Every structure is written in C-alpha cells, then in structure tokens.
>>> print(open('upload.csv').read())   # CSV, C-alpha atoms and all ligand atoms
chain,number,residue,atom,x,y,z
A,410,MET,CA,143.0,93.5,103.5
A,411,TRP,CA,142.9,90.2,101.6
A,412,LYS,CA,141.5,91.8,98.5
A,413,TRP,CA,142.8,95.3,98.6
A,414,GLY,CA,146.0,95.2,100.6
A,415,SER,CA,149.4,95.1,98.9
A,416,HIS,CA,151.6,91.9,99.0
A,417,ASP,CA,153.7,93.4,101.8
A,418,GLN,CA,150.6,94.4,103.8
A,419,ARG,CA,149.0,91.0,103.5
A,420,LYS,CA,152.2,89.3,104.5
A,421,ARG,CA,152.7,91.7,107.5
A,422,TRP,CA,149.2,91.9,108.9
A,423,LEU,CA,146.9,89.2,107.4
A,424,PRO,CA,148.0,86.3,109.6
A,425,ASP,CA,147.3,88.3,112.8
A,426,LEU,CA,144.0,89.7,111.4
A,427,ILE,CA,142.6,86.3,110.5
A,428,ARG,CA,144.0,84.2,113.3
A,429,GLY,CA,140.8,84.9,115.3
A,430,ASP,CA,142.2,86.2,118.6
A,431,LEU,CA,142.2,89.9,117.6
A,432,LEU,CA,139.1,92.0,117.6
A,433,GLY,CA,138.5,94.4,114.7
A,434,ALA,CA,136.3,97.4,114.1
A,435,TYR,CA,135.0,98.9,110.9
A,436,CYS,CA,134.7,102.7,111.0
A,437,LEU,CA,132.5,104.2,108.3
A,438,SER,CA,129.5,105.9,109.9
A,439,GLU,CA,129.5,109.4,111.3
A,440,ALA,CA,126.9,111.6,112.9
A,441,GLU,CA,126.1,113.4,109.5
A,442,ALA,CA,127.1,110.4,107.3
A,443,GLY,CA,125.0,107.3,107.9
A,444,SER,CA,123.2,106.0,104.8
A,445,ASP,CA,125.3,108.6,102.9
A,446,PRO,CA,128.9,107.7,103.8
A,447,GLY,CA,130.2,110.0,101.0
A,448,ALA,CA,129.3,112.9,103.3
A,449,MET,CA,131.9,111.9,105.9
A,450,LYS,CA,134.1,114.6,107.4
A,451,THR,CA,136.9,112.6,109.1
A,452,THR,CA,140.2,113.6,107.5
A,453,ALA,CA,143.5,112.0,106.8
A,454,VAL,CA,146.1,114.6,106.0
A,455,ARG,CA,149.4,113.5,104.5
A,456,ASP,CA,152.5,114.7,106.5
A,457,GLY,CA,155.7,113.3,105.1
A,458,ASP,CA,155.7,109.5,105.6
A,459,GLU,CA,152.6,109.7,107.8
A,460,TYR,CA,148.9,110.6,107.7
A,461,VAL,CA,147.3,112.5,110.5
A,462,ILE,CA,143.7,111.3,111.1
A,463,SER,CA,141.1,113.5,112.8
A,464,GLY,CA,137.4,113.0,113.2
A,465,VAL,CA,134.6,111.2,115.1
A,466,LYS,CA,133.1,107.9,113.9
A,467,THR,CA,129.7,106.8,115.3
A,468,TRP,CA,128.0,103.5,116.1
A,469,ILE,CA,131.3,101.5,116.0
A,470,THR,CA,130.9,97.9,116.9
A,471,HIS,CA,133.7,96.9,119.3
A,472,GLY,CA,134.5,100.7,119.7
A,473,GLY,CA,136.9,101.0,122.6
A,474,GLU,CA,137.7,97.3,122.6
A,475,ALA,CA,139.1,96.7,119.2
A,476,ASP,CA,142.7,95.6,118.6
A,477,PHE,CA,142.6,97.4,115.2
A,478,TYR,CA,140.3,99.9,113.5
A,479,THR,CA,139.7,100.0,109.7
A,480,VAL,CA,139.0,103.7,109.2
A,481,MET,CA,137.6,105.4,106.2
A,482,ALA,CA,138.8,109.0,106.1
A,483,ARG,CA,138.8,111.9,103.6
A,484,THR,CA,142.2,112.5,101.8
A,485,SER,CA,140.7,115.1,99.4
A,486,ASP,CA,137.5,117.1,98.9
A,487,GLU,CA,136.5,115.1,95.8
A,488,GLY,CA,133.3,113.8,97.4
A,489,SER,CA,133.0,110.0,97.4
A,490,LYS,CA,136.3,109.8,95.3
A,491,GLY,CA,138.2,111.6,98.1
A,492,ILE,CA,138.0,108.8,100.7
A,493,SER,CA,140.8,106.4,101.6
A,494,CYS,CA,141.1,103.4,103.9
A,495,PHE,CA,143.5,103.0,106.8
A,496,LEU,CA,144.4,100.2,109.2
A,497,LEU,CA,145.0,101.6,112.7
A,498,PRO,CA,146.3,99.8,115.7
A,499,GLY,CA,143.8,100.0,118.5
A,500,ASP,CA,146.3,101.5,121.0
A,501,ALA,CA,147.5,104.3,118.7
A,502,PRO,CA,147.8,107.6,120.7
A,503,GLY,CA,144.7,109.8,120.0
A,504,ILE,CA,142.1,107.1,119.7
A,505,SER,CA,139.4,107.2,122.4
A,506,ALA,CA,135.9,105.8,122.8
A,507,ALA,CA,132.8,107.3,124.4
A,508,ALA,CA,130.5,105.3,126.8
A,509,PRO,CA,128.7,102.4,125.2
A,510,GLU,CA,125.4,103.1,123.5
A,511,ARG,CA,122.3,101.9,125.4
A,512,LYS,CA,120.7,99.6,122.8
A,513,MET,CA,117.4,97.7,122.7
A,514,GLY,CA,119.4,94.5,121.9
A,515,LEU,CA,122.8,93.3,120.6
A,516,ASN,CA,124.0,93.6,124.2
A,517,GLY,CA,126.7,90.9,123.7
A,518,SER,CA,128.7,93.5,121.7
A,519,ARG,CA,129.7,97.0,122.6
A,520,THR,CA,128.8,99.9,120.3
A,521,SER,CA,130.5,103.2,120.8
A,522,GLN,CA,131.4,106.5,119.2
A,523,VAL,CA,135.2,106.5,118.5
A,524,SER,CA,137.2,109.8,118.3
A,525,PHE,CA,140.4,110.1,116.4
A,526,ASP,CA,142.4,113.1,117.6
A,527,LYS,CA,145.3,113.8,115.3
A,528,VAL,CA,146.2,110.1,115.2
A,529,ARG,CA,149.5,109.6,113.3
A,530,VAL,CA,149.9,106.5,111.2
A,531,SER,CA,152.6,105.6,108.8
A,532,ALA,CA,151.6,105.9,105.2
A,533,ASP,CA,152.1,102.2,104.6
A,534,ARG,CA,149.0,101.7,106.7
A,535,ARG,CA,146.8,103.0,103.9
A,536,ILE,CA,145.0,100.1,102.2
A,537,GLY,CA,144.6,100.5,98.5
A,538,ASP,CA,145.2,103.7,96.5
A,539,GLU,CA,144.2,107.1,97.8
A,540,GLY,CA,140.6,107.8,96.8
A,541,ARG,CA,139.6,104.0,96.8
A,542,GLY,CA,138.3,104.0,100.4
A,543,LEU,CA,134.6,104.2,99.7
A,544,ALA,CA,134.9,101.4,97.1
A,545,ILE,CA,136.7,99.2,99.6
A,546,ALA,CA,134.1,100.1,102.3
A,547,LEU,CA,131.2,99.2,100.0
A,548,ASP,CA,132.9,96.0,98.9
A,549,ALA,CA,133.2,94.9,102.6
A,550,LEU,CA,129.5,95.7,103.1
A,551,ASP,CA,128.6,93.2,100.3
A,552,THR,CA,130.2,90.5,102.4
A,553,GLY,CA,128.9,91.8,105.6
A,554,ARG,CA,125.3,91.6,104.2
A,555,LEU,CA,125.8,87.9,103.6
A,556,CYS,CA,126.7,87.5,107.3
A,557,ILE,CA,123.7,89.6,108.4
A,558,ALA,CA,121.4,87.5,106.2
A,559,ALA,CA,122.7,84.3,107.8
A,560,VAL,CA,122.4,85.6,111.3
A,561,ALA,CA,118.9,86.9,110.6
A,562,THR,CA,117.9,83.4,109.3
A,563,GLY,CA,119.3,81.9,112.5
A,564,VAL,CA,117.3,84.3,114.7
A,565,ALA,CA,114.1,83.6,112.8
A,566,GLN,CA,114.7,79.8,112.9
A,567,ALA,CA,115.2,80.0,116.7
A,568,ALA,CA,111.9,81.9,117.0
A,569,LEU,CA,110.1,79.3,114.9
A,570,ASP,CA,111.6,76.4,117.0
A,571,TYR,CA,110.4,78.0,120.2
A,572,ALA,CA,107.0,78.9,118.8
A,573,SER,CA,106.3,75.5,117.4
A,574,GLN,CA,107.3,73.8,120.7
A,575,TYR,CA,105.1,76.2,122.6
A,576,ALA,CA,102.2,75.7,120.2
A,577,ASN,CA,102.4,71.9,120.8
A,578,ASP,CA,102.5,72.3,124.6
A,579,ARG,CA,100.0,75.1,125.2
A,580,VAL,CA,96.4,73.8,125.6
A,581,GLN,CA,93.4,76.0,125.2
A,582,PHE,CA,89.8,75.0,124.4
A,583,GLY,CA,90.9,71.5,125.3
A,584,LYS,CA,93.5,71.0,122.7
A,585,PRO,CA,97.1,72.1,121.8
A,586,ILE,CA,96.9,75.5,120.1
A,587,ILE,CA,98.8,74.1,117.1
A,588,ASP,CA,95.5,72.3,116.3
A,589,PHE,CA,93.9,75.7,115.5
A,590,GLN,CA,94.5,76.7,111.9
A,591,GLY,CA,95.0,80.3,112.9
A,592,VAL,CA,98.2,79.2,114.7
A,593,SER,CA,99.4,76.4,112.4
A,594,PHE,CA,99.1,78.6,109.3
A,595,MET,CA,101.2,81.3,111.1
A,596,LEU,CA,103.9,78.6,111.8
A,597,ALA,CA,103.7,77.5,108.1
A,598,ASP,CA,104.2,81.0,106.8
A,599,MET,CA,107.2,81.4,109.2
A,600,SER,CA,108.7,78.2,108.0
A,601,ALA,CA,108.3,79.1,104.3
A,602,ARG,CA,109.8,82.5,104.7
A,603,ILE,CA,112.8,81.1,106.7
A,604,SER,CA,113.5,78.5,104.0
A,605,ALA,CA,113.4,81.2,101.4
A,606,SER,CA,115.8,83.4,103.4
A,607,ARG,CA,118.2,80.5,103.8
A,608,ALA,CA,118.1,79.7,100.1
A,609,LEU,CA,118.8,83.3,99.2
A,610,TYR,CA,121.9,83.8,101.3
A,611,ILE,CA,123.3,80.4,100.4
A,612,ASP,CA,122.9,81.2,96.7
A,613,ALA,CA,124.6,84.6,97.2
A,614,ALA,CA,127.4,82.9,99.2
A,615,ARG,CA,128.0,80.3,96.5
A,616,ARG,CA,128.2,83.1,93.9
A,617,LYS,CA,130.9,84.8,96.1
A,618,ASP,CA,132.8,81.5,96.5
A,619,LEU,CA,132.7,81.0,92.7
A,620,GLY,CA,134.1,84.5,92.1
A,621,MET,CA,130.9,85.7,90.5
A,622,GLU,CA,129.2,89.1,91.0
A,623,PHE,CA,127.1,88.8,94.2
A,624,GLY,CA,126.4,92.3,95.4
A,625,ARG,CA,122.7,92.4,94.3
A,626,HIS,CA,122.2,88.9,95.7
A,627,ALA,CA,123.7,89.8,99.0
A,628,ALA,CA,121.5,92.9,99.2
A,629,GLU,CA,118.4,90.8,98.4
A,630,ALA,CA,119.4,88.2,100.9
A,631,LYS,CA,120.0,90.8,103.7
A,632,LEU,CA,116.7,92.6,102.8
A,633,PHE,CA,114.6,89.5,102.7
A,634,ALA,CA,116.1,87.6,105.6
A,635,SER,CA,116.1,90.6,108.0
A,636,ASP,CA,112.5,91.5,107.1
A,637,THR,CA,111.6,87.8,107.6
A,638,ALA,CA,113.4,87.8,111.0
A,639,MET,CA,111.4,90.8,112.1
A,640,ALA,CA,108.1,89.3,110.9
A,641,VAL,CA,108.8,85.8,112.2
A,642,THR,CA,109.9,86.9,115.7
A,643,THR,CA,106.9,89.2,116.0
A,644,ASP,CA,104.6,86.3,115.1
A,645,ALA,CA,106.5,84.1,117.6
A,646,VAL,CA,105.7,86.5,120.4
A,647,GLN,CA,102.0,86.3,119.2
A,648,VAL,CA,102.0,82.5,119.4
A,649,PHE,CA,103.2,82.7,123.0
A,650,GLY,CA,100.4,85.1,123.8
A,651,GLY,CA,100.9,87.0,127.1
A,652,ALA,CA,103.9,84.8,128.0
A,653,GLY,CA,105.7,86.0,124.8
A,654,TYR,CA,105.6,89.6,126.1
A,655,THR,CA,107.6,88.7,129.2
A,656,ARG,CA,111.3,88.1,129.7
A,657,ASP,CA,110.5,84.7,131.1
A,658,TYR,CA,110.6,83.3,127.5
A,659,PRO,CA,113.2,83.9,124.8
A,660,VAL,CA,111.0,85.2,122.0
A,661,GLU,CA,110.8,88.9,123.1
A,662,ARG,CA,114.6,89.0,123.0
A,663,LEU,CA,114.7,87.5,119.5
A,664,MET,CA,112.2,90.2,118.4
A,665,ARG,CA,114.5,92.9,119.8
A,666,GLU,CA,117.6,91.3,118.1
A,667,ALA,CA,115.8,91.0,114.8
A,668,LYS,CA,115.3,94.8,114.5
A,669,ILE,CA,119.0,95.7,114.1
A,670,MET,CA,119.3,93.5,111.1
A,671,GLN,CA,117.0,95.8,109.2
A,672,ILE,CA,119.2,98.8,110.1
A,673,PHE,CA,122.9,98.1,110.0
A,674,GLU,CA,125.2,97.2,107.1
A,675,GLY,CA,122.9,99.6,105.2
A,676,THR,CA,119.2,100.0,106.1
A,677,ASN,CA,116.7,97.9,104.1
A,678,GLN,CA,115.8,101.1,102.2
A,679,ILE,CA,119.4,101.3,101.1
A,680,GLN,CA,119.3,97.6,100.1
A,681,ARG,CA,116.4,98.5,97.8
A,682,LEU,CA,118.5,101.3,96.4
A,683,VAL,CA,121.4,98.9,95.7
A,684,ILE,CA,119.1,96.4,94.0
A,685,GLY,CA,117.3,99.1,92.0
A,686,ARG,CA,120.6,100.6,90.9
A,687,HIS,CA,121.6,97.2,89.5
A,688,TYR,CA,118.7,97.3,87.1
A,689,ARG,CA,119.2,100.9,86.1
A,690,GLU,CA,122.9,100.3,85.3
A,691,ARG,CA,122.1,97.1,83.5
A,692,HIS,CA,119.7,98.8,81.1
A,693,SER,CA,121.6,102.1,80.7
A,694,SER,CA,124.7,100.1,79.5
A,695,SER,CA,122.8,98.1,76.9
B,1,LIG,C1,124.0,98.5,116.8
B,1,LIG,C2,124.7,99.2,115.7
B,1,LIG,C3,125.9,98.8,115.2
B,1,LIG,C4,126.5,99.5,114.2
B,1,LIG,N1,127.8,99.2,113.8
B,1,LIG,C5,128.5,99.9,112.9
B,1,LIG,C6,129.9,99.7,112.7
B,1,LIG,O1,130.6,98.8,113.3
B,1,LIG,N2,130.5,100.6,111.8
B,1,LIG,C7,129.9,101.6,111.1
B,1,LIG,O2,130.5,102.3,110.4
B,1,LIG,N3,128.5,101.8,111.3
B,1,LIG,C8,127.9,101.0,112.2
B,1,LIG,N4,126.5,101.2,112.5
B,1,LIG,C9,125.8,102.3,111.8
B,1,LIG,C10,124.8,101.8,110.8
B,1,LIG,O3,125.4,101.3,109.6
B,1,LIG,C11,123.9,103.0,110.4
B,1,LIG,O4,123.1,103.3,111.6
B,1,LIG,C12,123.0,102.8,109.2
B,1,LIG,O5,123.8,102.7,108.1
B,1,LIG,C13,122.0,103.9,109.0
B,1,LIG,O6,122.6,105.2,109.2
B,1,LIG,P1,121.9,106.2,110.2
B,1,LIG,O7,121.7,105.6,111.5
B,1,LIG,O8,122.7,107.5,110.2
B,1,LIG,O9,120.4,106.5,109.6
B,1,LIG,P2,120.1,107.6,108.5
B,1,LIG,O10,121.0,107.4,107.3
B,1,LIG,O11,119.9,108.9,109.1
B,1,LIG,O12,118.6,107.0,108.0
B,1,LIG,C14,117.4,107.3,108.7
B,1,LIG,C15,116.3,106.7,107.9
B,1,LIG,O13,116.2,107.3,106.6
B,1,LIG,C16,116.3,106.3,105.6
B,1,LIG,N5,117.0,106.8,104.4
B,1,LIG,C17,118.2,107.5,104.4
B,1,LIG,N6,118.5,107.7,103.2
B,1,LIG,C18,117.6,107.2,102.4
B,1,LIG,C19,117.4,107.1,100.9
B,1,LIG,N7,118.3,107.6,100.1
B,1,LIG,N8,116.3,106.5,100.5
B,1,LIG,C20,115.3,106.0,101.4
B,1,LIG,N9,115.5,106.0,102.7
B,1,LIG,C21,116.6,106.6,103.2
B,1,LIG,C22,117.0,105.1,106.3
B,1,LIG,O14,116.7,103.9,105.6
B,1,LIG,C23,116.4,105.2,107.7
B,1,LIG,O15,115.2,104.6,107.7
B,1,LIG,C24,125.9,100.5,113.5
B,1,LIG,C25,124.6,100.9,113.9
B,1,LIG,C26,124.0,100.3,115.0
B,1,LIG,C27,122.6,100.7,115.4
>>> encode(input="upload.csv", output="structure tokens", more="lines below")
Ligand SMILES: Cc1cc2nc3c(=O)[nH]c(=O)nc-3n(C[C@H](O)[C@H](O)[C@H](O)COP(=O)(O)OP(=O)(O)OC[C@H]3O[C@@H](n4cnc5c(N)ncnc54)[C@H](O)[C@@H]3O)c2cc1C
Amino acid sequence: MWKWGSHDQRKRWLPDLIRGDLLGAYCLSEAEAGSDPGAMKTTAVRDGDEYVISGVKTWITHGGEADFYTVMARTSDEGSKGISCFLLPGDAPGISAAAPERKMGLNGSRTSQVSFDKVRVSADRRIGDEGRGLAIALDALDTGRLCIAAVATGVAQAALDYASQYANDRVQFGKPIIDFQGVSFMLADMSARISASRALYIDAARRKDLGMEFGRHAAEAKLFASDTAMAVTTDAVQVFGGAGYTRDYPVERLMREAKIMQIFEGTNQIQRLVIGRHYRERHSSS
C-alpha cells in the first residue's frame, strides 16, 4: 500500500493498516500455483464500479482471522501480466475460511485455505494498475524474505544458546561435554553460521533503507539464514542427546520451527532461481 497505493488509498487506509491492531493476510498461493504464482486461477471480473472476486487461496497465514486480505487475482488471461492486486475487508460477504491446517510447527499462527465466492469490492480497492499484481506481490516477498531471514537467525541463536548452556552443564566421562572437541567444534560452526546469517540480513536491510536494490541480497539472506537455522537446530538436538529428542527441552520445537523458513516466502530452490536470474539478467544486458 505504501509503495503501490494511490495518494487517496494511502490516506484512507494506511493509518489503519500500520497502526498495529489490525491483522492482515497475504493471498497469493493456490492449490495449483505455489512456486509458480503466475498459474493462479482466482479471477477478478470488472462489473461497473466493482470487481467480483472468485477463487480459492491456499496456505493463508491468518486465514479466517484477518481484518483485511491482500488478494492477487486474475483480471485477464495474459499470464503473469494478467494479475491485479486488491485490498479486501475481512468481513466482506463471500469470504470464508476452511479449518486450520495441522502443521508441524508455527502453531502460534493460523494457516487456512480461504475461499472467495463472488466477493464484490469497489474498483477503488484495486492497488496499482490492472496487470501489476504479480510485480506488487513479488515486491512484497522481497521484504518478507528479510523478515524470514531475521526470524531464522533468532531461532538459530536460541538453539545455540540452549545447546551451549547444556554442553556446559552436562557431564560425561567426568567432564562437561563442551570439553570434548566433537561438541565444541559443533558449537563453533553453529556460532559462525549464525553470525554470517545476521550480517547478510542486516546488509540487505540497510540496502533497503538506503533505497538501493536489495532483492538478490534478501534472497541470499533468506536462503542462507533458513538453511543455517535448519542445520543449527538439528545440531542443537544432537548436543542434547536423547534429551533433545523429547518435548521436555525446547530444541526439538526450534528444529520444527526452522523447517518452515526453508519453505515459505518462496522455497529455497526458488531463492536460488531469484539469485541465479540476477546474474543472467546482468550479463544479458551488458
Ligand atoms: C505455514 C505456511 C504458511 C504460508 N503462508 C502463506 C501466506 O500467508 N500466503 C501465501 O500466499 N502463501 C503462503 N504459504 C504458501 C507458501 O508460500 C508455498 O507453500 C510455497 O511458495 C511453495 O509452494 P508449494 O507448497 O505449492 O510447493 P511447490 O511449488 O509445489 O513445490 C514443491 C517442491 O518443488 C520445488 N520446486 C518447484 N518449482 C521449482 C523450480 N522451478 N525449480 C526447482 N525446484 C522447484 C519446490 O522448491 C519444492 O521443494 C504458506 C505455506 C505454509 C506451509
């Protein structure tokens, strides 16, 4: 909204959207359009001063609870150029959510399929020009990836904090297990990877704050930090031994929470595509 909304839209909705007491949802994914959002089927058909939105979005964070939905929908058949972006009030007639998904983690936030059954919205709820929706969605993902990188770094740091404490406390063969190089080297590798994750996302965030191009940097930060979180939390469980495999200690949960970071806001395979595309475009234009 801040970047793509008109002056009137920003004035009308932005204060409410950023005040912090409204919950938003971002609706891009569909059953047949995950990594390939250009394949989406949800439609927005113009009818006078309104659009009529029909379709089903999957995996929606805050689905069924959101105060507003940012929905990407097809306004023409022109592939990825036929998608537009709409801001829908959460209580618009025709919006309904399925039962929450049963996930391996991320249980503090609801994820649901959301259906749009001929939902009517006034045309002034379209954000940006017709056909700009996918560009808007991908732009939002760049920023989202920064957030995922930061969260993944925090998850990994927590795992290292727990593991290093445990390694100091747990005694085997008459000494704390941290005195065994096999354990302390594991902690050292965890620490180095976390520091690198932090440096990557802070660098990308600074580029964004300075108005510089940051898409590749955000993709690299998300890729590296989430792979690091997965590796570090897995090693943290290892440091705890059998105790790590139980719910009596927090590290098994961190391992489950780390996994989603490699999947949403574009899987890590897609991050590699984004990074690789940067180099292809750079050299094809020179
Ligand atoms: C908990 C959770 C919350 C989510 N929240 C939201 C949300 O709020 N809003 C929203 O719109 N979406 C949301 N998503 C959806 C998420 O963004 C998608 O799950 C993700 O983009 C992957 O799509 P997919 O699940 O359809 O997997 P697929 O696209 O089917 O991919 C399956 C596998 O194939 C690989 N793959 C696919 N294409 C390629 C390729 N070209 N090259 C190499 N490998 C490839 C993928 O990397 C993956 O490993 C959420 C998902 C989860 C699990």
>>> closest_residue(input="upload.csv", among="A:Phe594, A:Asp533, A:Asp430, A:Thr479", to="Ser415 in chain A", atoms="all atoms listed in the file")
A:Asp533
>>> residues_near_ligand(input="upload.csv", ligand="ligand LIG 1 (chain B)", cutoff="8 Å", atoms="all atoms listed in the file", output="PyMOL selection string")
chain A and resi 434-445+466-472+512+514-515+520+669+672-679+682
>>> residues_around(input="upload.csv", residues="range 600-616 of chain A", least_positions_apart="2", cutoff="12 Å", atoms="all atoms listed in the file", output="PyMOL selection string")
chain A and resi 551-570+572-573+593-598+618-642+644-645
>>> atom_distance(input="upload.csv", atom1="CA of Gly653 in chain A", atom2="CA of Arg519 in chain A")
26.5 Å
>>> atom_distance(input="upload.csv", atom1="CA of Gly414 in chain A", atom2="CA of Ser521 in chain A")
26.7 Å
>>> atom_distance(input="upload.csv", atom1="CA of Ile504 in chain A", atom2="CA of His416 in chain A")
27.4 Å
>>> build_atoms(input="upload.csv", residues="range 519-532 of chain A", atoms="N, CA and C atoms", output="PDB file, in the coordinates of the input")
ATOM      1  N   ARG A 519     129.706  95.573 122.224  1.00  0.00           N
ATOM      2  CA  ARG A 519     129.700  97.000 122.600  1.00  0.00           C
ATOM      3  C   ARG A 519     129.645  97.856 121.302  1.00  0.00           C
ATOM      4  N   THR A 520     128.860  98.922 121.358  1.00  0.00           N
ATOM      5  CA  THR A 520     128.800  99.900 120.300  1.00  0.00           C
ATOM      6  C   THR A 520     129.088 101.263 120.822  1.00  0.00           C
ATOM      7  N   SER A 521     130.091 101.940 120.258  1.00  0.00           N
ATOM      8  CA  SER A 521     130.500 103.200 120.800  1.00  0.00           C
ATOM      9  C   SER A 521     130.910 104.206 119.734  1.00  0.00           C
ATOM     10  N   GLN A 522     130.810 105.470 120.069  1.00  0.00           N
ATOM     11  CA  GLN A 522     131.400 106.500 119.200  1.00  0.00           C
ATOM     12  C   GLN A 522     132.925 106.462 119.462  1.00  0.00           C
ATOM     13  N   VAL A 523     133.704 106.586 118.389  1.00  0.00           N
ATOM     14  CA  VAL A 523     135.200 106.500 118.500  1.00  0.00           C
ATOM     15  C   VAL A 523     135.752 107.831 117.945  1.00  0.00           C
ATOM     16  N   SER A 524     136.598 108.510 118.750  1.00  0.00           N
ATOM     17  CA  SER A 524     137.200 109.800 118.300  1.00  0.00           C
ATOM     18  C   SER A 524     138.667 109.526 117.897  1.00  0.00           C
ATOM     19  N   PHE A 525     139.059 110.191 116.839  1.00  0.00           N
ATOM     20  CA  PHE A 525     140.400 110.100 116.400  1.00  0.00           C
ATOM     21  C   PHE A 525     140.984 111.560 116.432  1.00  0.00           C
ATOM     22  N   ASP A 526     141.870 111.777 117.403  1.00  0.00           N
ATOM     23  CA  ASP A 526     142.400 113.100 117.600  1.00  0.00           C
ATOM     24  C   ASP A 526     143.820 113.209 117.167  1.00  0.00           C
ATOM     25  N   LYS A 527     143.979 113.650 115.938  1.00  0.00           N
ATOM     26  CA  LYS A 527     145.300 113.800 115.300  1.00  0.00           C
ATOM     27  C   LYS A 527     146.117 112.482 115.471  1.00  0.00           C
ATOM     28  N   VAL A 528     145.510 111.388 115.086  1.00  0.00           N
ATOM     29  CA  VAL A 528     146.200 110.100 115.200  1.00  0.00           C
ATOM     30  C   VAL A 528     147.165 109.939 114.041  1.00  0.00           C
ATOM     31  N   ARG A 529     148.430 109.695 114.371  1.00  0.00           N
ATOM     32  CA  ARG A 529     149.500 109.600 113.300  1.00  0.00           C
ATOM     33  C   ARG A 529     149.661 108.109 112.960  1.00  0.00           C
ATOM     34  N   VAL A 530     149.581 107.843 111.663  1.00  0.00           N
ATOM     35  CA  VAL A 530     149.900 106.500 111.200  1.00  0.00           C
ATOM     36  C   VAL A 530     150.819 106.555 110.025  1.00  0.00           C
ATOM     37  N   SER A 531     151.688 105.556 109.923  1.00  0.00           N
ATOM     38  CA  SER A 531     152.600 105.600 108.800  1.00  0.00           C
ATOM     39  C   SER A 531     151.843 105.355 107.507  1.00  0.00           C
ATOM     40  N   ALA A 532     152.357 105.951 106.431  1.00  0.00           N
ATOM     41  CA  ALA A 532     151.600 105.900 105.200  1.00  0.00           C
ATOM     42  C   ALA A 532     151.432 104.486 104.654  1.00  0.00           C
TER      43      ALA A 532
END
